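Below is one structure, written out as structure tokens; comments come after it.
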Amino acid sequence: MTYIQLSYGDLALPALLVVMDGVLSLALRLKLEKQLAIATMRMVVQLVLVGYVLMFPFAAVSPLWTALAAVIMVLFASREIVARHKRRLPGVWKYGLGAGCTLLAAGTVTMFALLTELRPDPWYHPRYALPLLGMILGNTMTGISLGLDVLTNSLVRERAAVEACLALGGTRHQALLPIIRDALRSGFMPIMNSMAAIGLVSLPGMMTGQILAGVEPVDAVKYQLLIMFLIAGGTGLGTLAAVLGGAHLLTDHRHRLRLDRIAAERSE
Amino acid sequence: MLTVSGLKRLHISVSFDLQDGECVALQGPSGVGKTLLLRSIADLDPNEGTVKLDGTLREAMSGPAWRKRVTYLAAEPGWWSDTVHEHFTTWDDALPLVTRLGLPDGCGPWPIQRLSTGERQRLGLVRALMLRSRVLLLDEPTSALDSASAAAVESLIAERIANGTSVIWSTHDNAQARRVGSRIFVMGPDGCIEENRP
């Protein structure tokens with residue numbers, strides 16, 4: 001298996017494409033240049049750092065270091081979930097719900113893949129566990145984030161409808177069911193679209209990476225299919241847990257809607 | 001009998017009894033807390049105090065079970081489905097009340113978006129009446145209605161009261177308060193007082 005190695009200097013020319021986006025933003029007064037610069041810097045620093053940081057657990061092959069890296073990834077994912085929300089849950093749940101659900105979903109699905117399909121030796125080998133977790137985490141995070149966003153926004157917007165059902169003796173489950181369904185649909189939508197378009201409209205990054213690294217396309221496809229199945233499972237599990245958890249937190253044992261538990265709307 | 005003692009929610013604090021088949025009119029300026037009071041009795045918001053129905057504590061039953069007996073109707077009722085009849089367990093059973101309040105019997109398949117504010121208010125009332133609750137907490141139930149429709153609502157509620165339903169009826173209309181209420185409570189910044197009637 002051979003691949004064409006890149007130096008950092010090789011990346012300078014492609015980086016000009018991002019500069020081109022910045023120039024476009026300036027020319028068209030899109031006011032995106034600052035965000036674009038920050039996002040680009042973040043991407044470069046994060047990826048370079050993670051490249052060096054991963055060298056350590058890859059060399060150590062210790063379950064503790066693998067677990068620590070996984071926990072850090074989950075914490076960053078939960079931070080990203082919160083950052084994307086206009087309306088936030090209170091107190092510990094602000095980060096706790098997102099972190100708990102990503103850990104539950106991505107962790108379960110990654111363990112499932114490691115123990116049943118890939119079976120590396122040892123099973124926690126970071127070369128398999130961490131990239132796998134990263135891919136599942138990224139997509140699960142998107143599903144959870146969208147699901148929670150639709151849940152909180154819809155509850156605020158549809159308050160009269162929810163409370164009408166509660167006032168007529170409906171349970172919190174009955175009153176919130178239409179909104180829970182909408183939130184779950186929204187959470188599932190990105191992975192559904194991705195699965196429908198994959199291969200025809202887009203070639204996924206991991207598969208492309210494997211092909212560039214010299215893996216036969218048919219073998220790369222098998223890996224990609226495995227990843228897509230895992231992502232679909234993780235997204236479903238995580239979104240379901242987050243939306244049901246959010247619905248539970250925003251109601252109480254007397255079946256009352258508790259919008260007072262949503263923190264004040266974040267200014268854009 | 002509905003017993004409310006030391007019910008507290010934000011700035012309001014009230015105590016009173018409501019007999020079976022009695023209607024109390026609730027008055028007071030906008031923003032004084034009439035809606036808060038009705039919602040608190042229905043246990044739709046967290047509140048403190050003791051509320052009993054026939055001596056049974058509200059907390060002795062689940063929230064939904066309580067609200068099936070003590071039902072709150074908002075001034076602008078909410079709708080969770082697309083068409084009218086989807087909001088009723090059995091639309092055919094609701095039809096006599098629907099037509100009595102001046103709505104056409106063919107309005108079942110109508111989209112909610114098509115309804116006027118007054119039509120929504122009357123259909124919201126029918127939906128609440130279908131529960132046959134022991135206590136009705138009506139929050140300005142005729143605020144969007146013309147005088148004929150308001151009279152039809154008053155007549156329908158009067159029948160329910162005669163059959164033993166207790167009602168708290170919030171209204172800004174002084175004449176209506178005197179027509180429907182056997183007692184009148186006036187809410188102000190200092191609390192809720194019963195108005196002396198001649």
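Chain labels run A, B, ... following the order of the structure tokens; each chain numbers its residues from 1, and ligands are numbered from 1 in the order shown.
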
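Counting only C-alpha atoms, Ala59 in chain A has the following residues at most 9 Å away, ignoring those fewer than 4 positions along the same chain: Leu54, Met55 and Pro126 of chain A.
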
Selection above as a file: N, CA and C atoms, as a compact mmCIF listing (two decimals), in the first residue's frame:
# COMPACT_ATOMS: atom_id res chain seq x y z
N LEU A 54 -2.39 12.74 18.71
CA LEU A 54 -2.76 11.33 18.49
C LEU A 54 -1.53 10.42 18.41
N MET A 55 -0.39 11.01 18.09
CA MET A 55 0.82 10.17 18.00
C MET A 55 1.12 9.50 19.34
N PRO A 126 -6.05 2.54 19.63
CA PRO A 126 -6.47 3.89 19.28
C PRO A 126 -6.49 4.16 17.76

inquiry  = I'd like the neighbourhood of range 38-53 of chain B as a ChimeraX atom specification, where a residue qualifies if any of its atoms comes within 8 Å (using only C-alpha atoms), though same-chain residues fewer than 3 positions away should be ignored.
reply    = /A:163,166-167,254,256-258 /B:1-9,34-35,56-58,63,66-67,70-72,137-139

How about saving the chosen residues, C-alpha atoms kept, as a compact mmCIF listing (two decimals), in the first residue's frame?
# COMPACT_ATOMS: atom_id res chain seq x y z
CA GLU A 163 -50.74 23.77 26.85
CA LEU A 166 -52.30 19.62 28.77
CA ALA A 167 -55.23 21.76 29.97
CA ARG A 254 -47.27 17.19 37.23
CA ARG A 256 -46.70 20.89 33.13
CA LEU A 257 -44.74 22.63 30.39
CA ARG A 258 -41.68 24.24 32.00
CA MET B 1 -66.80 21.83 46.03
CA LEU B 2 -63.51 23.43 44.98
CA THR B 3 -61.46 24.70 47.92
CA VAL B 4 -58.57 27.07 47.29
CA SER B 5 -56.49 28.10 50.30
CA GLY B 6 -53.31 30.14 50.31
CA LEU B 7 -52.75 29.65 46.58
CA LYS B 8 -49.61 31.60 45.67
CA ARG B 9 -48.07 32.25 42.29
CA LYS B 34 -56.38 36.71 36.49
CA THR B 35 -54.88 34.28 33.98
CA THR B 56 -59.45 15.49 47.77
CA LEU B 57 -56.07 17.18 47.46
CA ARG B 58 -54.94 18.06 43.96
CA GLY B 63 -51.82 16.41 36.74
CA TRP B 66 -56.83 16.85 37.89
CA ARG B 67 -57.14 18.89 34.70
CA VAL B 70 -60.71 21.17 36.71
CA THR B 71 -60.32 22.42 33.14
CA TYR B 72 -58.75 25.70 32.07
CA LEU B 137 -61.92 27.95 34.45
CA LEU B 138 -62.91 30.25 31.59
CA ASP B 139 -60.42 32.96 30.65

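For the atom pair formed by CA of Val180 in chain B and CA of Gln27 in chain B, the distance is 12.2 Å, given to one decimal.
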
request  = Counting only C-alpha atoms, collect the residues of chain A whose closest atom lies at most 10 Å from chain B, and write them out as a ChimeraX atom specification.
outcome  = /A:158-172,175-179,252-258,260

Create the file for the chosen residues now, containing N, CA and C atoms and written as a tab-separated table (two decimals), in the first residue's frame.
chain	number	residue	atom	x	y	z
A	158	GLU	N	-44.89	26.75	19.80
A	158	GLU	CA	-46.16	26.02	19.86
A	158	GLU	C	-46.68	25.89	21.29
A	159	ARG	N	-46.29	26.81	22.14
A	159	ARG	CA	-46.67	26.72	23.55
A	159	ARG	C	-48.19	26.61	23.72
A	160	ALA	N	-48.94	27.43	22.98
A	160	ALA	CA	-50.40	27.44	23.14
A	160	ALA	C	-50.98	26.07	22.81
A	161	ALA	N	-50.47	25.44	21.75
A	161	ALA	CA	-50.99	24.13	21.35
A	161	ALA	C	-50.67	23.07	22.40
A	162	VAL	N	-49.43	23.09	22.89
A	162	VAL	CA	-49.03	22.10	23.90
A	162	VAL	C	-49.85	22.29	25.17
A	163	GLU	N	-50.02	23.53	25.60
A	163	GLU	CA	-50.74	23.77	26.85
A	163	GLU	C	-52.24	23.53	26.68
A	164	ALA	N	-52.76	23.70	25.46
A	164	ALA	CA	-54.18	23.37	25.24
A	164	ALA	C	-54.40	21.88	25.49
A	165	CYS	N	-53.48	21.07	24.99
A	165	CYS	CA	-53.60	19.62	25.18
A	165	CYS	C	-53.45	19.27	26.66
A	166	LEU	N	-52.50	19.88	27.33
A	166	LEU	CA	-52.30	19.62	28.77
A	166	LEU	C	-53.52	20.06	29.58
A	167	ALA	N	-54.08	21.23	29.23
A	167	ALA	CA	-55.23	21.76	29.97
A	167	ALA	C	-56.45	20.85	29.83
A	168	LEU	N	-56.49	20.10	28.73
A	168	LEU	CA	-57.63	19.19	28.52
A	168	LEU	C	-57.36	17.81	29.10
A	169	GLY	N	-56.32	17.69	29.89
A	169	GLY	CA	-56.04	16.42	30.57
A	169	GLY	C	-55.09	15.52	29.81
A	170	GLY	N	-54.43	16.06	28.79
A	170	GLY	CA	-53.44	15.26	28.07
A	170	GLY	C	-52.19	15.09	28.92
A	171	THR	N	-51.49	13.98	28.71
A	171	THR	CA	-50.22	13.77	29.41
A	171	THR	C	-49.14	14.55	28.68
A	172	ARG	N	-47.99	14.70	29.33
A	172	ARG	CA	-46.90	15.44	28.66
A	172	ARG	C	-46.46	14.71	27.41
A	175	ALA	N	-49.02	15.60	24.72
A	175	ALA	CA	-48.95	17.01	24.32
A	175	ALA	C	-47.70	17.31	23.51
A	176	LEU	N	-46.62	16.61	23.82
A	176	LEU	CA	-45.36	16.94	23.13
A	176	LEU	C	-45.09	16.06	21.91
A	177	LEU	N	-45.91	15.02	21.73
A	177	LEU	CA	-45.61	14.04	20.67
A	177	LEU	C	-45.41	14.67	19.28
A	178	PRO	N	-46.28	15.58	18.80
A	178	PRO	CA	-46.04	16.14	17.46
A	178	PRO	C	-44.69	16.87	17.37
A	179	ILE	N	-44.31	17.55	18.45
A	179	ILE	CA	-43.04	18.29	18.44
A	179	ILE	C	-41.86	17.33	18.54
A	252	ASP	N	-42.64	18.63	33.78
A	252	ASP	CA	-42.36	18.12	35.13
A	252	ASP	C	-43.32	16.99	35.50
A	253	HIS	N	-43.18	16.49	36.72
A	253	HIS	CA	-43.93	15.30	37.13
A	253	HIS	C	-45.44	15.57	37.18
A	254	ARG	N	-45.84	16.86	37.25
A	254	ARG	CA	-47.27	17.19	37.23
A	254	ARG	C	-47.74	17.42	35.78
A	255	HIS	N	-46.93	17.02	34.83
A	255	HIS	CA	-47.26	17.14	33.40
A	255	HIS	C	-47.51	18.60	33.03
A	256	ARG	N	-46.62	19.46	33.48
A	256	ARG	CA	-46.70	20.89	33.13
A	256	ARG	C	-45.56	21.22	32.18
A	257	LEU	N	-45.80	22.15	31.27
A	257	LEU	CA	-44.74	22.63	30.39
A	257	LEU	C	-43.87	23.60	31.18
A	258	ARG	N	-42.57	23.41	31.18
A	258	ARG	CA	-41.68	24.24	32.00
A	258	ARG	C	-40.71	25.02	31.12
A	260	ASP	N	-39.82	27.86	31.67
A	260	ASP	CA	-38.94	28.64	32.55
A	260	ASP	C	-37.58	27.96	32.71

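Atom to atom, CA of Val61 in chain A and CA of Leu49 in chain A stand 18.9 Å apart.
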
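In this model, the gap between CA of Val24 in chain B and CA of Ile168 in chain B comes to 4.9 Å.
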
Strand (DSSP E) per DSSP on the backbone: members of range 111-197 of chain B, as a PDB file with N, CA and C atoms, in the first residue's frame:
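The new file part_22.pdb reads:
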ATOM      1  N   VAL B 135     -65.194  21.428  37.194  1.00  0.00           N
ATOM      2  CA  VAL B 135     -64.948  22.870  37.321  1.00  0.00           C
ATOM      3  C   VAL B 135     -64.405  23.403  35.993  1.00  0.00           C
ATOM      4  N   LEU B 136     -64.977  24.503  35.533  1.00  0.00           N
ATOM      5  CA  LEU B 136     -64.478  25.145  34.308  1.00  0.00           C
ATOM      6  C   LEU B 136     -63.838  26.477  34.678  1.00  0.00           C
ATOM      7  N   LEU B 137     -62.624  26.692  34.203  1.00  0.00           N
ATOM      8  CA  LEU B 137     -61.918  27.955  34.454  1.00  0.00           C
ATOM      9  C   LEU B 137     -61.846  28.678  33.119  1.00  0.00           C
ATOM     10  N   LEU B 138     -62.760  29.615  32.903  1.00  0.00           N
ATOM     11  CA  LEU B 138     -62.915  30.250  31.592  1.00  0.00           C
ATOM     12  C   LEU B 138     -62.219  31.606  31.586  1.00  0.00           C
ATOM     13  N   ASP B 139     -61.211  31.736  30.724  1.00  0.00           N
ATOM     14  CA  ASP B 139     -60.418  32.962  30.649  1.00  0.00           C
ATOM     15  C   ASP B 139     -60.927  33.805  29.475  1.00  0.00           C
ATOM     16  N   SER B 166     -69.179  23.828  38.282  1.00  0.00           N
ATOM     17  CA  SER B 166     -68.747  25.095  38.891  1.00  0.00           C
ATOM     18  C   SER B 166     -67.897  25.844  37.872  1.00  0.00           C
ATOM     19  N   VAL B 167     -68.011  27.175  37.892  1.00  0.00           N
ATOM     20  CA  VAL B 167     -67.311  27.967  36.872  1.00  0.00           C
ATOM     21  C   VAL B 167     -66.643  29.183  37.513  1.00  0.00           C
ATOM     22  N   ILE B 168     -65.418  29.443  37.092  1.00  0.00           N
ATOM     23  CA  ILE B 168     -64.805  30.749  37.353  1.00  0.00           C
ATOM     24  C   ILE B 168     -64.651  31.397  35.986  1.00  0.00           C
ATOM     25  N   TRP B 169     -65.264  32.565  35.831  1.00  0.00           N
ATOM     26  CA  TRP B 169     -65.382  33.200  34.515  1.00  0.00           C
ATOM     27  C   TRP B 169     -64.671  34.545  34.559  1.00  0.00           C
ATOM     28  N   SER B 170     -63.537  34.614  33.920  1.00  0.00           N
ATOM     29  CA  SER B 170     -62.789  35.875  33.887  1.00  0.00           C
ATOM     30  C   SER B 170     -63.328  36.747  32.752  1.00  0.00           C
ATOM     31  N   ARG B 183     -71.280  35.464  42.414  1.00  0.00           N
ATOM     32  CA  ARG B 183     -70.372  36.305  43.195  1.00  0.00           C
ATOM     33  C   ARG B 183     -69.369  36.918  42.216  1.00  0.00           C
ATOM     34  N   ILE B 184     -68.808  38.057  42.601  1.00  0.00           N
ATOM     35  CA  ILE B 184     -67.798  38.689  41.748  1.00  0.00           C
ATOM     36  C   ILE B 184     -66.534  38.907  42.566  1.00  0.00           C
ATOM     37  N   PHE B 185     -65.428  38.377  42.063  1.00  0.00           N
ATOM     38  CA  PHE B 185     -64.121  38.625  42.677  1.00  0.00           C
ATOM     39  C   PHE B 185     -63.398  39.669  41.843  1.00  0.00           C
ATOM     40  N   VAL B 186     -62.844  40.663  42.535  1.00  0.00           N
ATOM     41  CA  VAL B 186     -62.083  41.688  41.820  1.00  0.00           C
ATOM     42  C   VAL B 186     -60.623  41.582  42.253  1.00  0.00           C
ATOM     43  N   MET B 187     -59.763  41.357  41.266  1.00  0.00           N
ATOM     44  CA  MET B 187     -58.334  41.258  41.568  1.00  0.00           C
ATOM     45  C   MET B 187     -57.675  42.617  41.409  1.00  0.00           C
ATOM     46  N   GLY B 188     -56.819  42.937  42.340  1.00  0.00           N
ATOM     47  CA  GLY B 188     -56.070  44.192  42.285  1.00  0.00           C
ATOM     48  C   GLY B 188     -54.655  43.925  42.745  1.00  0.00           C
ATOM     49  N   GLY B 191     -54.447  42.075  46.076  1.00  0.00           N
ATOM     50  CA  GLY B 191     -55.057  40.752  46.242  1.00  0.00           C
ATOM     51  C   GLY B 191     -56.419  40.675  45.586  1.00  0.00           C
ATOM     52  N   CYS B 192     -57.161  39.652  46.010  1.00  0.00           N
ATOM     53  CA  CYS B 192     -58.452  39.372  45.372  1.00  0.00           C
ATOM     54  C   CYS B 192     -59.553  39.612  46.418  1.00  0.00           C
ATOM     55  N   ILE B 193     -60.481  40.509  46.139  1.00  0.00           N
ATOM     56  CA  ILE B 193     -61.550  40.773  47.110  1.00  0.00           C
ATOM     57  C   ILE B 193     -62.909  40.475  46.489  1.00  0.00           C
ATOM     58  N   GLU B 194     -63.835  40.055  47.338  1.00  0.00           N
ATOM     59  CA  GLU B 194     -65.171  39.758  46.836  1.00  0.00           C
ATOM     60  C   GLU B 194     -65.997  41.063  46.851  1.00  0.00           C
TER      61      GLU B 194
END

ask   = Could you pull the residues within 7 Å of Gly164 in chain B, counting only C-alpha atoms, minus those fewer than 3 positions along the same chain, as a PyMOL selection string?
value = chain B and resi 20-21+160-161

Would you output that residue set with N, CA and C atoms, as an mmCIF file, in the first residue's frame?
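Result saved to selection-v2.cif:
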data_model
loop_
_atom_site.group_PDB
_atom_site.id
_atom_site.type_symbol
_atom_site.label_atom_id
_atom_site.label_comp_id
_atom_site.auth_asym_id
_atom_site.auth_seq_id
_atom_site.Cartn_x
_atom_site.Cartn_y
_atom_site.Cartn_z
ATOM 1 N N ASP B 20 -70.574 23.609 44.244
ATOM 2 C CA ASP B 20 -71.051 22.940 43.022
ATOM 3 C C ASP B 20 -72.167 23.792 42.416
ATOM 4 N N GLY B 21 -72.133 23.945 41.105
ATOM 5 C CA GLY B 21 -73.180 24.700 40.418
ATOM 6 C C GLY B 21 -73.113 26.195 40.684
ATOM 7 N N ARG B 160 -74.875 24.275 31.960
ATOM 8 C CA ARG B 160 -73.905 23.416 32.650
ATOM 9 C C ARG B 160 -73.878 23.723 34.148
ATOM 10 N N ILE B 161 -73.980 25.028 34.462
ATOM 11 C CA ILE B 161 -73.980 25.428 35.876
ATOM 12 C C ILE B 161 -75.212 24.843 36.572
#

message = I'd like the contact shell of Val243 in chain A - 8 Å cut-off, only C-alpha atoms, skipping same-chain residues fewer than 4 positions apart - returned as a count of residues only.
response = 9

Excluding Asp149 in chain A and its own-chain neighbours fewer than 4 positions away, which residues fall within 12 Å of it when counting only C-alpha atoms? Please give them as a PDB file with N, CA and C atoms, in the first residue's frame.
ATOM      1  N   ILE A  81     -22.392  21.302  20.602  1.00  0.00           N
ATOM      2  CA  ILE A  81     -23.865  21.185  20.595  1.00  0.00           C
ATOM      3  C   ILE A  81     -24.475  22.424  21.243  1.00  0.00           C
ATOM      4  N   VAL A  82     -23.928  22.804  22.397  1.00  0.00           N
ATOM      5  CA  VAL A  82     -24.449  23.977  23.113  1.00  0.00           C
ATOM      6  C   VAL A  82     -24.242  25.244  22.290  1.00  0.00           C
ATOM      7  N   ALA A  83     -23.065  25.360  21.665  1.00  0.00           N
ATOM      8  CA  ALA A  83     -22.745  26.574  20.913  1.00  0.00           C
ATOM      9  C   ALA A  83     -23.726  26.791  19.758  1.00  0.00           C
ATOM     10  N   ARG A  84     -24.304  25.718  19.233  1.00  0.00           N
ATOM     11  CA  ARG A  84     -25.205  25.854  18.084  1.00  0.00           C
ATOM     12  C   ARG A  84     -26.630  26.197  18.490  1.00  0.00           C
ATOM     13  N   HIS A  85     -26.915  26.194  19.799  1.00  0.00           N
ATOM     14  CA  HIS A  85     -28.305  26.386  20.243  1.00  0.00           C
ATOM     15  C   HIS A  85     -28.640  27.840  20.517  1.00  0.00           C
ATOM     16  N   LYS A  86     -29.816  28.242  20.044  1.00  0.00           N
ATOM     17  CA  LYS A  86     -30.300  29.583  20.336  1.00  0.00           C
ATOM     18  C   LYS A  86     -30.865  29.611  21.753  1.00  0.00           C
ATOM     19  N   ARG A  87     -31.581  28.547  22.104  1.00  0.00           N
ATOM     20  CA  ARG A  87     -32.155  28.449  23.449  1.00  0.00           C
ATOM     21  C   ARG A  87     -31.506  27.274  24.153  1.00  0.00           C
ATOM     22  N   ARG A  88     -31.107  27.513  25.413  1.00  0.00           N
ATOM     23  CA  ARG A  88     -30.322  26.487  26.095  1.00  0.00           C
ATOM     24  C   ARG A  88     -31.010  25.966  27.339  1.00  0.00           C
ATOM     25  N   LEU A  89     -30.657  24.714  27.685  1.00  0.00           N
ATOM     26  CA  LEU A  89     -31.189  24.118  28.914  1.00  0.00           C
ATOM     27  C   LEU A  89     -30.429  24.696  30.104  1.00  0.00           C
ATOM     28  N   GLY A  98     -26.321  16.945  26.172  1.00  0.00           N
ATOM     29  CA  GLY A  98     -25.612  16.702  24.915  1.00  0.00           C
ATOM     30  C   GLY A  98     -24.466  15.725  25.115  1.00  0.00           C
ATOM     31  N   MET A 141     -23.358  14.264  16.821  1.00  0.00           N
ATOM     32  CA  MET A 141     -23.440  15.611  17.370  1.00  0.00           C
ATOM     33  C   MET A 141     -24.381  16.483  16.534  1.00  0.00           C
ATOM     34  N   THR A 142     -24.285  16.369  15.212  1.00  0.00           N
ATOM     35  CA  THR A 142     -25.158  17.157  14.340  1.00  0.00           C
ATOM     36  C   THR A 142     -26.616  16.776  14.554  1.00  0.00           C
ATOM     37  N   GLY A 143     -26.889  15.477  14.632  1.00  0.00           N
ATOM     38  CA  GLY A 143     -28.261  15.013  14.844  1.00  0.00           C
ATOM     39  C   GLY A 143     -28.818  15.491  16.168  1.00  0.00           C
ATOM     40  N   ILE A 144     -28.026  15.357  17.227  1.00  0.00           N
ATOM     41  CA  ILE A 144     -28.460  15.766  18.563  1.00  0.00           C
ATOM     42  C   ILE A 144     -28.703  17.272  18.597  1.00  0.00           C
ATOM     43  N   SER A 145     -27.785  18.002  18.007  1.00  0.00           N
ATOM     44  CA  SER A 145     -27.887  19.453  18.011  1.00  0.00           C
ATOM     45  C   SER A 145     -29.158  19.918  17.292  1.00  0.00           C
ATOM     46  N   ASN A 153     -37.084  25.255  20.196  1.00  0.00           N
ATOM     47  CA  ASN A 153     -37.736  26.335  19.438  1.00  0.00           C
ATOM     48  C   ASN A 153     -39.219  26.047  19.229  1.00  0.00           C
ATOM     49  N   SER A 154     -39.551  24.791  18.912  1.00  0.00           N
ATOM     50  CA  SER A 154     -40.956  24.451  18.665  1.00  0.00           C
ATOM     51  C   SER A 154     -41.781  24.569  19.941  1.00  0.00           C
ATOM     52  N   LEU A 155     -41.192  24.183  21.071  1.00  0.00           N
ATOM     53  CA  LEU A 155     -41.944  24.284  22.328  1.00  0.00           C
ATOM     54  C   LEU A 155     -42.289  25.733  22.637  1.00  0.00           C
ATOM     55  N   VAL A 156     -41.350  26.633  22.355  1.00  0.00           N
ATOM     56  CA  VAL A 156     -41.621  28.055  22.598  1.00  0.00           C
ATOM     57  C   VAL A 156     -42.683  28.551  21.615  1.00  0.00           C
ATOM     58  N   ILE A 179     -44.311  17.553  18.449  1.00  0.00           N
ATOM     59  CA  ILE A 179     -43.045  18.291  18.437  1.00  0.00           C
ATOM     60  C   ILE A 179     -41.864  17.327  18.537  1.00  0.00           C
ATOM     61  N   ILE A 180     -42.025  16.276  19.336  1.00  0.00           N
ATOM     62  CA  ILE A 180     -40.960  15.271  19.437  1.00  0.00           C
ATOM     63  C   ILE A 180     -40.721  14.632  18.070  1.00  0.00           C
ATOM     64  N   ASP A 182     -41.287  15.959  15.105  1.00  0.00           N
ATOM     65  CA  ASP A 182     -40.605  16.945  14.246  1.00  0.00           C
ATOM     66  C   ASP A 182     -39.121  17.024  14.581  1.00  0.00           C
ATOM     67  N   ALA A 183     -38.823  17.033  15.876  1.00  0.00           N
ATOM     68  CA  ALA A 183     -37.422  17.149  16.314  1.00  0.00           C
ATOM     69  C   ALA A 183     -36.623  15.919  15.868  1.00  0.00           C
ATOM     70  N   LEU A 184     -37.245  14.730  15.975  1.00  0.00           N
ATOM     71  CA  LEU A 184     -36.540  13.508  15.554  1.00  0.00           C
ATOM     72  C   LEU A 184     -36.316  13.510  14.044  1.00  0.00           C
ATOM     73  N   SER A 186     -35.949  16.080  12.130  1.00  0.00           N
ATOM     74  CA  SER A 186     -34.868  17.027  11.831  1.00  0.00           C
ATOM     75  C   SER A 186     -33.504  16.425  12.161  1.00  0.00           C
ATOM     76  N   GLY A 187     -33.434  15.725  13.277  1.00  0.00           N
ATOM     77  CA  GLY A 187     -32.168  15.114  13.674  1.00  0.00           C
ATOM     78  C   GLY A 187     -31.717  14.034  12.701  1.00  0.00           C
ATOM     79  N   THR A 239     -29.967  11.053  18.881  1.00  0.00           N
ATOM     80  CA  THR A 239     -31.044  12.029  18.706  1.00  0.00           C
ATOM     81  C   THR A 239     -32.258  11.633  19.539  1.00  0.00           C
ATOM     82  N   ALA A 242     -31.521  12.351  23.187  1.00  0.00           N
ATOM     83  CA  ALA A 242     -31.453  13.794  23.493  1.00  0.00           C
ATOM     84  C   ALA A 242     -32.842  14.433  23.441  1.00  0.00           C
ATOM     85  N   VAL A 243     -33.629  14.080  22.416  1.00  0.00           N
ATOM     86  CA  VAL A 243     -34.946  14.707  22.279  1.00  0.00           C
ATOM     87  C   VAL A 243     -35.873  14.249  23.413  1.00  0.00           C
ATOM     88  N   GLY A 246     -34.625  15.905  26.554  1.00  0.00           N
ATOM     89  CA  GLY A 246     -34.976  17.331  26.541  1.00  0.00           C
ATOM     90  C   GLY A 246     -36.451  17.533  26.843  1.00  0.00           C
ATOM     91  N   ALA A 247     -37.295  16.683  26.238  1.00  0.00           N
ATOM     92  CA  ALA A 247     -38.741  16.792  26.482  1.00  0.00           C
ATOM     93  C   ALA A 247     -39.049  16.521  27.955  1.00  0.00           C
ATOM     94  N   ILE A 262     -35.841  26.912  30.198  1.00  0.00           N
ATOM     95  CA  ILE A 262     -34.987  27.262  29.057  1.00  0.00           C
ATOM     96  C   ILE A 262     -34.335  28.595  29.378  1.00  0.00           C
ATOM     97  N   GLU A 265     -32.994  33.598  25.558  1.00  0.00           N
ATOM     98  CA  GLU A 265     -32.565  33.460  24.167  1.00  0.00           C
ATOM     99  C   GLU A 265     -31.215  34.143  23.966  1.00  0.00           C
TER     100      GLU A 265
END

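Shortest atom-to-atom contact with His172 in chain B among B:Pro141, B:Asp54, B:Glu22, B:Val84: B:Pro141, counting only C-alpha atoms.
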
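Distances from B:Asp105, B:Glu119, B:Glu195, B:Asp173 to Glu140 in chain B were compared using only C-alpha atoms, and the smallest one belongs to B:Asp173.
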
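Here the question is which of A:Leu146, A:Leu36, A:Ala129, A:Ala197 gets nearest to Leu68 in chain A using only C-alpha atoms, and that residue is A:Ala129.
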
message = as a VMD selection string, please: the residues near range 14-23 of chain A (cut-off 10 Å, only C-alpha atoms, same-chain neighbours under 2 positions excluded).
response = chain A and resid 10 to 12 25 to 37 40

ask   = Would you give me, as number ranges by chain, the residues in range 125-230 of chain A that DSSP reads as helix (DSSP H, G or I)?
value = A: 126-157, 159-167, 172-197, 205-212, 217-230
